[in-house]
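Working notes, beginning with the structure itself.
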Amino acid sequence: MKSKSPLDRWIELERLFGAEFLPAGRGPQAPAGPARASPAKPPPRTESAKPLQRPAVPAAEELPAEFVAFRDQVLQCRKCDLCNTRTQVVFGVGSLKAPLMFIGEAPGADEDAAGEPFVGRAGQLLTRSLLKLGVRREQVYIANVLKCRPPGNRTPQPNEIVSCMPYLLLQIKWIQPRLLCGLGNIAVQALLHTSEGISRLRGKYHDFFGRKLFATFHPAYVLRNMNQLALFEADLRKVAADAGLIGIP
Ligand code: URA
């Protein structure tokens with residue numbers, strides 16, 4: 001019999017301890033077969049057939065009802081005190097088929113207002129740097145360790161990280177990204193349970209519940225230290241290439 005992944009075992013434990021948002025029964029399944037489906041064959045060309053125009057932005061993905069139920073439960077979360085100060089829960093955004101998932105620290109003021117992660121100045125830097133590689137936000141998934149903004153953007157507290165972590169683990173289980181990319185010291189340290197600094201951790205892969213987690217700088221740090229932009233963008237290029245989002249130069 002196939003043994004359970006560390007992530008599955010963790011989720012099973014969460015369920016035992018009463019996490020109601022976990023899907024009953026089998027839960028979300030990993031896609032069968034190869035990680036990415038091969039593209040459908042184009043229809044046979046006829047004399048009058050015009051080449052199909054691909055829309056610049058793909059049509060919104062239909063979300064499975066079970067995923068929507070999970071998201072709706074997270075949007076109402078009251079597990080820690082951040083629920084009293086947030087404007088709204090910032091669940092995460094992107095494709096459920098994304099091969100790459102970015103994980104930041106926590107929403108800031110702009111994200112708390114918009115309900116979407118990485119939309120403020122730091123987020124715009126991340127979006128721009130990805131676009132330089134030809135990668136759109138819709139092609140990846142973007143989430144945070146914490147789903148609610150800590151007041152004044154203070155550092156997340158251990159009890160908040162513990163309360164929120166099951167949500168992130170479930171997002172990973174649903175999306176099954178080929179790779180994870182932790183953004184910045186706080187997020188990477190929380191994910192890896194380490195006090196090692198980001199300058200030592202960045203540019204490398206680490207184990208996160210049996211999955212590969214690449215570490216890089218937080219874009220807010222890059223905004224304050226623009227001399228690190230080249231390194232940050234080289235990191236993004238590597239992880240995007242490894243995830244199969246871009247060709248290897
Ligand atoms: N910083 C983060 O870590 N996450 C966001 O969503 C925005 C800023």
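We name chains A, B, ... following the order of the structure tokens; residues begin at 1 in each chain, and ligands are numbered from 1 as shown.
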### Residues near Gly244 (chain A), cut-off 12 Å, only C-alpha atoms, skip fewer than 2 positions along chain, as a PyMOL selection string
chain A and resi 35-36+98-100+135+139-140+177-179+237-242+246-248
As a quick test: using only C-alpha atoms and all ligand atoms, which residues lie no more than 12 Å away from ligand 1? Give them as a compact mmCIF listing (two decimals) with all heavy atoms, in the first residue's frame.
```txt
# COMPACT_ATOMS: atom_id res chain seq x y z
N VAL A 89 -10.47 38.65 5.45
CA VAL A 89 -9.49 37.58 5.30
C VAL A 89 -8.93 37.66 3.88
O VAL A 89 -9.66 37.87 2.92
CB VAL A 89 -10.16 36.20 5.54
CG1 VAL A 89 -9.23 35.06 5.20
CG2 VAL A 89 -10.64 36.10 6.98
N VAL A 90 -7.61 37.49 3.78
CA VAL A 90 -6.97 37.48 2.45
C VAL A 90 -6.58 36.03 2.17
O VAL A 90 -5.54 35.55 2.61
CB VAL A 90 -5.75 38.44 2.44
CG1 VAL A 90 -5.09 38.43 1.07
CG2 VAL A 90 -6.18 39.85 2.82
N PHE A 91 -7.44 35.35 1.45
CA PHE A 91 -7.32 33.90 1.31
C PHE A 91 -6.13 33.50 0.43
O PHE A 91 -5.30 32.67 0.80
CB PHE A 91 -8.62 33.35 0.71
CG PHE A 91 -8.60 31.87 0.48
CD1 PHE A 91 -8.71 30.98 1.54
CD2 PHE A 91 -8.46 31.36 -0.81
CE1 PHE A 91 -8.69 29.61 1.32
CE2 PHE A 91 -8.45 30.00 -1.04
CZ PHE A 91 -8.55 29.12 0.02
N GLY A 92 -6.06 34.10 -0.76
CA GLY A 92 -5.03 33.70 -1.73
C GLY A 92 -5.63 33.83 -3.11
O GLY A 92 -6.84 33.93 -3.26
N VAL A 93 -4.77 33.85 -4.11
CA VAL A 93 -5.26 34.09 -5.46
C VAL A 93 -4.41 33.32 -6.47
O VAL A 93 -3.24 33.07 -6.23
CB VAL A 93 -5.24 35.62 -5.75
CG1 VAL A 93 -3.82 36.14 -5.93
CG2 VAL A 93 -6.07 35.97 -6.95
N PHE A 102 3.64 30.96 -4.49
CA PHE A 102 4.41 31.89 -3.67
C PHE A 102 3.74 32.03 -2.31
O PHE A 102 2.51 32.08 -2.22
CB PHE A 102 4.47 33.27 -4.34
CG PHE A 102 5.36 33.29 -5.55
CD1 PHE A 102 4.83 33.18 -6.82
CD2 PHE A 102 6.73 33.39 -5.40
CE1 PHE A 102 5.65 33.18 -7.93
CE2 PHE A 102 7.57 33.39 -6.51
CZ PHE A 102 7.03 33.28 -7.78
N ILE A 103 4.59 32.09 -1.28
CA ILE A 103 4.05 32.21 0.09
C ILE A 103 4.74 33.38 0.78
O ILE A 103 5.95 33.34 1.03
CB ILE A 103 4.26 30.91 0.89
CG1 ILE A 103 3.71 29.70 0.12
CG2 ILE A 103 3.59 31.03 2.27
CD1 ILE A 103 4.07 28.36 0.74
N GLY A 104 3.96 34.41 1.06
CA GLY A 104 4.49 35.57 1.78
C GLY A 104 4.17 35.45 3.26
O GLY A 104 3.74 34.40 3.75
N GLU A 105 4.37 36.58 3.93
CA GLU A 105 4.25 36.59 5.40
C GLU A 105 2.80 36.78 5.85
O GLU A 105 2.21 35.89 6.48
CB GLU A 105 5.16 37.73 5.87
CG GLU A 105 5.14 38.05 7.30
CD GLU A 105 6.02 39.29 7.57
OE1 GLU A 105 6.96 39.56 6.79
OE2 GLU A 105 5.73 39.98 8.55
N ALA A 106 2.25 37.91 5.50
CA ALA A 106 0.90 38.26 5.95
C ALA A 106 0.42 39.45 5.13
O ALA A 106 1.24 40.22 4.63
CB ALA A 106 0.92 38.64 7.43
N PRO A 107 -0.88 39.64 5.01
CA PRO A 107 -1.37 40.80 4.27
C PRO A 107 -0.94 42.10 4.94
O PRO A 107 -0.84 42.17 6.17
CB PRO A 107 -2.89 40.66 4.34
CG PRO A 107 -3.17 39.28 4.85
CD PRO A 107 -1.97 38.81 5.57
N GLY A 108 -0.70 43.12 4.12
CA GLY A 108 -0.47 44.47 4.62
C GLY A 108 -1.76 45.28 4.47
O GLY A 108 -2.83 44.71 4.18
N ALA A 109 -1.64 46.59 4.61
CA ALA A 109 -2.84 47.45 4.57
C ALA A 109 -3.56 47.35 3.23
O ALA A 109 -4.79 47.26 3.16
CB ALA A 109 -2.45 48.89 4.86
N ASP A 110 -2.80 47.37 2.12
CA ASP A 110 -3.43 47.32 0.79
C ASP A 110 -4.15 46.00 0.56
O ASP A 110 -5.24 45.96 -0.02
CB ASP A 110 -2.37 47.51 -0.31
CG ASP A 110 -1.78 48.90 -0.28
OD1 ASP A 110 -2.55 49.86 -0.15
OD2 ASP A 110 -0.54 49.01 -0.37
N GLU A 111 -3.53 44.93 1.03
CA GLU A 111 -4.12 43.59 0.83
C GLU A 111 -5.35 43.42 1.71
O GLU A 111 -6.35 42.83 1.29
CB GLU A 111 -3.08 42.51 1.16
CG GLU A 111 -1.91 42.44 0.18
CD GLU A 111 -0.88 43.55 0.32
OE1 GLU A 111 -0.82 44.17 1.41
OE2 GLU A 111 -0.13 43.80 -0.65
N ASP A 112 -5.27 43.96 2.92
CA ASP A 112 -6.40 43.90 3.86
C ASP A 112 -7.60 44.64 3.26
O ASP A 112 -8.75 44.22 3.41
CB ASP A 112 -5.95 44.55 5.18
CG ASP A 112 -7.05 44.62 6.21
OD1 ASP A 112 -7.50 43.56 6.67
OD2 ASP A 112 -7.47 45.75 6.56
N ALA A 113 -7.32 45.73 2.55
CA ALA A 113 -8.41 46.51 1.92
C ALA A 113 -8.94 45.81 0.68
O ALA A 113 -10.14 45.81 0.42
CB ALA A 113 -7.91 47.91 1.58
N ALA A 114 -8.02 45.21 -0.10
CA ALA A 114 -8.42 44.64 -1.39
C ALA A 114 -8.89 43.18 -1.28
O ALA A 114 -9.60 42.68 -2.16
CB ALA A 114 -7.26 44.71 -2.37
N GLY A 115 -8.46 42.49 -0.23
CA GLY A 115 -8.81 41.06 -0.09
C GLY A 115 -7.98 40.17 -1.00
O GLY A 115 -8.33 39.02 -1.23
N GLU A 116 -6.86 40.71 -1.48
CA GLU A 116 -5.99 39.93 -2.38
C GLU A 116 -4.53 40.10 -1.96
O GLU A 116 -4.11 41.23 -1.66
CB GLU A 116 -6.20 40.42 -3.82
CG GLU A 116 -5.39 39.61 -4.82
CD GLU A 116 -5.70 39.94 -6.28
OE1 GLU A 116 -6.84 40.36 -6.58
OE2 GLU A 116 -4.78 39.77 -7.09
N PRO A 117 -3.75 39.01 -1.94
CA PRO A 117 -2.36 39.14 -1.50
C PRO A 117 -1.49 39.86 -2.53
O PRO A 117 -1.74 39.80 -3.73
CB PRO A 117 -1.89 37.69 -1.33
CG PRO A 117 -2.81 36.87 -2.14
CD PRO A 117 -4.11 37.62 -2.23
N PHE A 118 -0.46 40.51 -2.01
CA PHE A 118 0.57 41.12 -2.85
C PHE A 118 0.00 42.03 -3.94
O PHE A 118 0.23 41.81 -5.13
CB PHE A 118 1.50 40.05 -3.43
CG PHE A 118 2.47 39.52 -2.41
CD1 PHE A 118 2.24 38.31 -1.76
CD2 PHE A 118 3.60 40.26 -2.07
CE1 PHE A 118 3.12 37.85 -0.79
CE2 PHE A 118 4.48 39.79 -1.10
CZ PHE A 118 4.25 38.58 -0.47
N VAL A 119 -0.77 43.03 -3.51
CA VAL A 119 -1.28 44.03 -4.45
C VAL A 119 -0.72 45.44 -4.16
O VAL A 119 -0.92 46.34 -4.94
CB VAL A 119 -2.83 44.09 -4.46
CG1 VAL A 119 -3.43 42.85 -5.06
CG2 VAL A 119 -3.38 44.37 -3.07
N GLY A 120 -0.03 45.59 -3.02
CA GLY A 120 0.57 46.89 -2.69
C GLY A 120 1.88 47.07 -3.45
O GLY A 120 2.13 46.39 -4.45
N ARG A 121 2.72 47.98 -2.96
CA ARG A 121 3.96 48.29 -3.69
C ARG A 121 4.85 47.06 -3.82
O ARG A 121 5.42 46.79 -4.88
CB ARG A 121 4.72 49.42 -2.98
CG ARG A 121 4.09 50.79 -3.25
CD ARG A 121 4.94 51.91 -2.68
NE ARG A 121 6.23 52.01 -3.34
CZ ARG A 121 7.40 52.10 -2.69
NH1 ARG A 121 7.43 52.12 -1.39
NH2 ARG A 121 8.53 52.19 -3.36
N ALA A 122 4.97 46.29 -2.74
CA ALA A 122 5.82 45.08 -2.79
C ALA A 122 5.23 44.08 -3.79
O ALA A 122 5.95 43.47 -4.59
CB ALA A 122 5.92 44.46 -1.40
N GLY A 123 3.92 43.95 -3.73
CA GLY A 123 3.25 43.02 -4.65
C GLY A 123 3.42 43.42 -6.10
O GLY A 123 3.60 42.58 -6.98
N GLN A 124 3.39 44.74 -6.31
CA GLN A 124 3.56 45.22 -7.69
C GLN A 124 4.97 44.93 -8.20
O GLN A 124 5.17 44.62 -9.37
CB GLN A 124 3.25 46.72 -7.77
CG GLN A 124 1.74 46.98 -7.66
CD GLN A 124 1.42 48.41 -7.32
OE1 GLN A 124 2.19 49.32 -7.60
NE2 GLN A 124 0.28 48.62 -6.68
N LEU A 125 5.93 44.98 -7.29
CA LEU A 125 7.31 44.62 -7.69
C LEU A 125 7.37 43.14 -8.07
O LEU A 125 7.95 42.77 -9.10
CB LEU A 125 8.30 44.91 -6.55
CG LEU A 125 9.73 44.46 -6.84
CD1 LEU A 125 10.41 45.40 -7.83
CD2 LEU A 125 10.57 44.37 -5.58
N LEU A 126 6.73 42.30 -7.24
CA LEU A 126 6.70 40.86 -7.55
C LEU A 126 6.03 40.62 -8.91
O LEU A 126 6.55 39.88 -9.75
CB LEU A 126 5.95 40.11 -6.44
CG LEU A 126 5.69 38.63 -6.67
CD1 LEU A 126 7.00 37.84 -6.69
CD2 LEU A 126 4.76 38.05 -5.57
N THR A 127 4.88 41.27 -9.11
CA THR A 127 4.13 41.10 -10.36
C THR A 127 4.98 41.54 -11.56
O THR A 127 5.04 40.85 -12.58
CB THR A 127 2.82 41.91 -10.31
OG1 THR A 127 2.11 41.53 -9.12
CG2 THR A 127 1.94 41.66 -11.51
N TYR A 141 0.13 30.63 -8.01
CA TYR A 141 -0.77 30.85 -6.88
C TYR A 141 -0.02 31.70 -5.86
O TYR A 141 1.19 31.51 -5.67
CB TYR A 141 -1.24 29.53 -6.27
CG TYR A 141 -2.51 29.71 -5.47
CD1 TYR A 141 -3.75 29.61 -6.08
CD2 TYR A 141 -2.46 30.05 -4.12
CE1 TYR A 141 -4.92 29.82 -5.37
CE2 TYR A 141 -3.63 30.26 -3.40
CZ TYR A 141 -4.85 30.14 -4.04
OH TYR A 141 -6.01 30.35 -3.33
N ILE A 142 -0.72 32.63 -5.24
CA ILE A 142 -0.06 33.52 -4.27
C ILE A 142 -0.86 33.50 -2.97
O ILE A 142 -2.08 33.71 -2.97
CB ILE A 142 0.04 34.97 -4.80
CG1 ILE A 142 0.67 35.00 -6.20
CG2 ILE A 142 0.84 35.82 -3.82
CD1 ILE A 142 0.76 36.39 -6.83
N ALA A 143 -0.16 33.20 -1.89
CA ALA A 143 -0.83 33.14 -0.58
C ALA A 143 0.14 33.65 0.48
O ALA A 143 1.28 34.02 0.18
CB ALA A 143 -1.26 31.71 -0.28
N ASN A 144 -0.31 33.66 1.69
CA ASN A 144 0.52 34.08 2.81
C ASN A 144 0.46 33.06 3.93
O ASN A 144 -0.49 32.27 4.01
CB ASN A 144 0.02 35.42 3.36
CG ASN A 144 0.44 36.60 2.50
OD1 ASN A 144 1.64 36.81 2.27
ND2 ASN A 144 -0.52 37.37 2.02
N VAL A 145 1.46 33.12 4.82
CA VAL A 145 1.42 32.28 6.03
C VAL A 145 0.19 32.68 6.86
O VAL A 145 -0.58 31.83 7.29
CB VAL A 145 2.73 32.45 6.84
CG1 VAL A 145 2.61 31.76 8.19
CG2 VAL A 145 3.91 31.90 6.06
N LEU A 146 0.01 33.98 7.08
CA LEU A 146 -1.19 34.46 7.79
C LEU A 146 -2.20 34.99 6.78
O LEU A 146 -1.84 35.69 5.84
CB LEU A 146 -0.85 35.59 8.76
CG LEU A 146 -0.01 35.30 9.98
CD1 LEU A 146 -0.09 36.48 10.96
CD2 LEU A 146 -0.42 34.01 10.68
N LYS A 147 -3.45 34.71 7.01
CA LYS A 147 -4.51 35.19 6.11
C LYS A 147 -5.09 36.53 6.55
O LYS A 147 -5.91 37.11 5.85
CB LYS A 147 -5.66 34.16 6.04
CG LYS A 147 -5.22 32.75 5.70
CD LYS A 147 -4.65 32.66 4.30
CE LYS A 147 -4.32 31.24 3.90
NZ LYS A 147 -2.93 31.09 3.45
N CYS A 148 -4.70 37.00 7.73
CA CYS A 148 -5.22 38.28 8.21
C CYS A 148 -4.07 39.22 8.54
O CYS A 148 -3.00 38.78 8.99
CB CYS A 148 -6.07 38.08 9.47
SG CYS A 148 -7.54 37.11 9.14
N ARG A 149 -4.33 40.50 8.36
CA ARG A 149 -3.29 41.50 8.59
C ARG A 149 -3.04 41.69 10.09
O ARG A 149 -3.97 41.98 10.84
CB ARG A 149 -3.73 42.84 8.00
CG ARG A 149 -2.68 43.91 8.19
CD ARG A 149 -3.20 45.29 7.86
NE ARG A 149 -2.13 46.26 7.99
CZ ARG A 149 -2.30 47.53 8.27
NH1 ARG A 149 -3.53 48.01 8.41
NH2 ARG A 149 -1.28 48.33 8.39
N PRO A 150 -1.76 41.56 10.51
CA PRO A 150 -1.46 41.92 11.90
C PRO A 150 -1.50 43.45 12.03
O PRO A 150 -1.02 44.15 11.14
CB PRO A 150 -0.03 41.40 12.10
CG PRO A 150 0.23 40.47 10.96
CD PRO A 150 -0.61 40.97 9.82
N ASN A 153 1.10 46.03 10.76
CA ASN A 153 2.05 45.15 10.05
C ASN A 153 3.12 44.56 10.99
O ASN A 153 4.24 44.31 10.55
CB ASN A 153 2.77 45.86 8.90
CG ASN A 153 1.79 46.31 7.83
OD1 ASN A 153 0.65 45.86 7.80
ND2 ASN A 153 2.24 47.20 6.96
N ARG A 154 2.76 44.36 12.25
CA ARG A 154 3.75 43.76 13.15
C ARG A 154 4.02 42.32 12.72
O ARG A 154 3.26 41.73 11.93
CB ARG A 154 3.26 43.81 14.60
CG ARG A 154 2.02 43.00 14.87
CD ARG A 154 1.92 42.56 16.32
NE ARG A 154 0.62 41.99 16.59
CZ ARG A 154 0.22 40.80 16.18
NH1 ARG A 154 1.01 40.05 15.43
NH2 ARG A 154 -0.99 40.36 16.50
N THR A 155 5.11 41.76 13.25
CA THR A 155 5.49 40.39 12.91
C THR A 155 4.43 39.40 13.42
O THR A 155 3.93 39.57 14.53
CB THR A 155 6.87 40.09 13.57
OG1 THR A 155 7.80 41.03 13.05
CG2 THR A 155 7.35 38.68 13.25
N PRO A 156 4.10 38.40 12.61
CA PRO A 156 3.13 37.39 13.08
C PRO A 156 3.61 36.71 14.36
O PRO A 156 4.80 36.46 14.54
CB PRO A 156 3.12 36.38 11.92
CG PRO A 156 3.55 37.14 10.72
CD PRO A 156 4.52 38.17 11.22
N GLY A 182 9.00 30.52 -0.88
CA GLY A 182 8.80 31.36 0.30
C GLY A 182 9.44 32.72 0.08
O GLY A 182 10.57 32.81 -0.41
N LEU A 183 8.69 33.77 0.43
CA LEU A 183 9.15 35.14 0.20
C LEU A 183 9.53 35.80 1.52
O LEU A 183 8.65 36.14 2.33
CB LEU A 183 8.07 35.96 -0.49
CG LEU A 183 7.66 35.49 -1.90
CD1 LEU A 183 6.41 36.22 -2.37
CD2 LEU A 183 8.80 35.70 -2.89
N GLY A 184 10.82 35.93 1.76
CA GLY A 184 11.28 36.72 2.91
C GLY A 184 11.55 35.92 4.16
O GLY A 184 11.08 34.79 4.34
N ASN A 185 12.30 36.59 5.03
CA ASN A 185 12.76 35.99 6.27
C ASN A 185 11.65 35.38 7.10
O ASN A 185 11.70 34.21 7.49
CB ASN A 185 13.42 37.13 7.07
CG ASN A 185 14.62 36.67 7.83
OD1 ASN A 185 15.22 35.65 7.50
ND2 ASN A 185 14.98 37.41 8.85
N ILE A 186 10.61 36.18 7.38
CA ILE A 186 9.58 35.76 8.33
C ILE A 186 8.83 34.55 7.79
O ILE A 186 8.64 33.55 8.51
CB ILE A 186 8.58 36.91 8.60
CG1 ILE A 186 9.31 38.18 9.04
CG2 ILE A 186 7.51 36.49 9.60
CD1 ILE A 186 9.81 38.18 10.44
N ALA A 187 8.42 34.61 6.52
CA ALA A 187 7.65 33.50 5.95
C ALA A 187 8.51 32.24 5.91
O ALA A 187 8.07 31.16 6.35
CB ALA A 187 7.18 33.86 4.55
N VAL A 188 9.73 32.37 5.43
CA VAL A 188 10.58 31.18 5.26
C VAL A 188 10.95 30.59 6.63
O VAL A 188 10.90 29.37 6.83
CB VAL A 188 11.83 31.53 4.42
CG1 VAL A 188 12.80 30.37 4.37
CG2 VAL A 188 11.40 31.93 3.00
N PHE A 217 14.14 36.53 -1.30
CA PHE A 217 13.86 37.73 -0.51
C PHE A 217 12.37 38.09 -0.59
O PHE A 217 11.67 37.71 -1.53
CB PHE A 217 14.63 38.92 -1.08
CG PHE A 217 16.12 38.81 -0.97
CD1 PHE A 217 16.92 39.01 -2.09
CD2 PHE A 217 16.73 38.53 0.23
CE1 PHE A 217 18.30 38.94 -2.00
CE2 PHE A 217 18.11 38.44 0.34
CZ PHE A 217 18.90 38.65 -0.79
N HIS A 218 11.94 38.88 0.38
CA HIS A 218 10.61 39.47 0.31
C HIS A 218 10.70 40.69 -0.62
O HIS A 218 11.65 41.48 -0.53
CB HIS A 218 10.15 39.91 1.71
CG HIS A 218 8.69 40.19 1.77
ND1 HIS A 218 8.14 41.33 1.21
CD2 HIS A 218 7.67 39.49 2.28
CE1 HIS A 218 6.84 41.30 1.39
NE2 HIS A 218 6.52 40.19 2.04
N PRO A 219 9.72 40.86 -1.53
CA PRO A 219 9.82 42.02 -2.42
C PRO A 219 9.83 43.37 -1.68
O PRO A 219 10.39 44.34 -2.21
CB PRO A 219 8.59 41.89 -3.33
CG PRO A 219 7.72 40.85 -2.71
CD PRO A 219 8.59 39.99 -1.86
N ALA A 220 9.27 43.43 -0.48
CA ALA A 220 9.32 44.70 0.29
C ALA A 220 10.77 44.99 0.69
O ALA A 220 11.21 46.15 0.69
CB ALA A 220 8.44 44.61 1.52
N TYR A 221 11.52 43.95 1.00
CA TYR A 221 12.94 44.12 1.33
C TYR A 221 13.70 44.59 0.08
O TYR A 221 14.56 45.47 0.15
CB TYR A 221 13.51 42.78 1.84
CG TYR A 221 15.01 42.74 1.92
CD1 TYR A 221 15.69 43.32 3.00
CD2 TYR A 221 15.77 42.15 0.91
CE1 TYR A 221 17.07 43.30 3.06
CE2 TYR A 221 17.15 42.13 0.96
CZ TYR A 221 17.79 42.71 2.04
OH TYR A 221 19.17 42.70 2.09
N VAL A 222 13.34 44.03 -1.07
CA VAL A 222 14.00 44.42 -2.32
C VAL A 222 13.70 45.90 -2.63
O VAL A 222 14.58 46.64 -3.07
CB VAL A 222 13.57 43.50 -3.49
CG1 VAL A 222 14.24 43.90 -4.78
CG2 VAL A 222 13.88 42.04 -3.15
N LEU A 223 12.46 46.31 -2.34
CA LEU A 223 12.11 47.73 -2.57
C LEU A 223 13.00 48.66 -1.75
O LEU A 223 13.35 49.75 -2.19
CB LEU A 223 10.65 47.97 -2.14
CG LEU A 223 9.55 47.72 -3.16
CD1 LEU A 223 8.19 48.02 -2.53
CD2 LEU A 223 9.74 48.57 -4.42
```
### Query
Mind checking DSSP for region 74-232 of chain A and telling me the strand (DSSP E or B) residues as a list in words?
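Strand (DSSP E or B) assignments inside region 74-232 of chain A correspond to Val93, Gly94, Leu100, Met101, Phe102, Ile103, Gly104, Tyr141, Ile142, Ala143, Asn144, Leu179, Leu180, Cys181, Gly182, Leu183, Tyr205, His206, Asp207, Phe208, Arg211, Lys212, Leu213, Phe214, Ala215 and Thr216 of chain A.
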#### Entry: Given only C-alpha atoms as the counted atoms, nearest of A:Ala60, A:Cys164, A:Leu170, A:Met101 to Cys83 (chain A)
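When distances to Cys83 (chain A) are compared using only C-alpha atoms, the smallest one comes from A:Cys164.
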### Task
Would you please work out which residue, of A:Ala69, A:Leu213, A:Ala59, A:Leu133, is nearest to Ile172 (chain A) when using only C-alpha atoms?
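Ranking A:Ala69, A:Leu213, A:Ala59, A:Leu133 by distance to Ile172 (chain A), first place goes to A:Leu213.
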### Query
Can you list, as number ranges by chain, every protein, DNA or RNA residue that comes within 7 Å of Lys204 (chain A) when you count only C-alpha atoms, leaving out same-chain residues fewer than 3 positions away?
A: 201, 214-215
### Query
Do you know which residues are at most 8 Å from Val74 (chain A) counting only C-alpha atoms, after dropping those on the same chain fewer than 2 positions away, and could you put them as a list in words?
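So the residues in contact are Phe21, Phe70, Arg71, Asp72, Gln76, Cys77, Val89, Phe91 and Tyr167 of chain A.
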Next, dump the selected residues to file, keeping only C-alpha atoms, as a compact mmCIF listing (two decimals), in the first residue's frame.
```txt
# COMPACT_ATOMS: atom_id res chain seq x y z
CA PHE A 21 -12.79 22.89 7.34
CA PHE A 70 -13.16 25.47 2.22
CA ARG A 71 -12.41 29.04 1.08
CA ASP A 72 -15.73 30.30 2.50
CA GLN A 76 -15.14 33.52 8.23
CA CYS A 77 -12.26 32.36 10.44
CA VAL A 89 -9.49 37.58 5.30
CA PHE A 91 -7.32 33.90 1.31
CA TYR A 167 -5.22 26.68 5.83
```
### Query
Hey, which of A:Leu180, A:Val162, A:Ala234, A:Ala65 ends up closest to Lys212 (chain A)? Count only C-alpha atoms.
A:Leu180
### Task
Enter the distance from CA of Asp235 (chain A) to CA of Gly203 (chain A), in Å, rounded to one decimal.
5.8 Å
### Task
Could you jot down the CA of Lys97 (chain A) to CA of Leu192 (chain A) separation for me, Å, one decimal place?
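It comes out at 24.3 Å.
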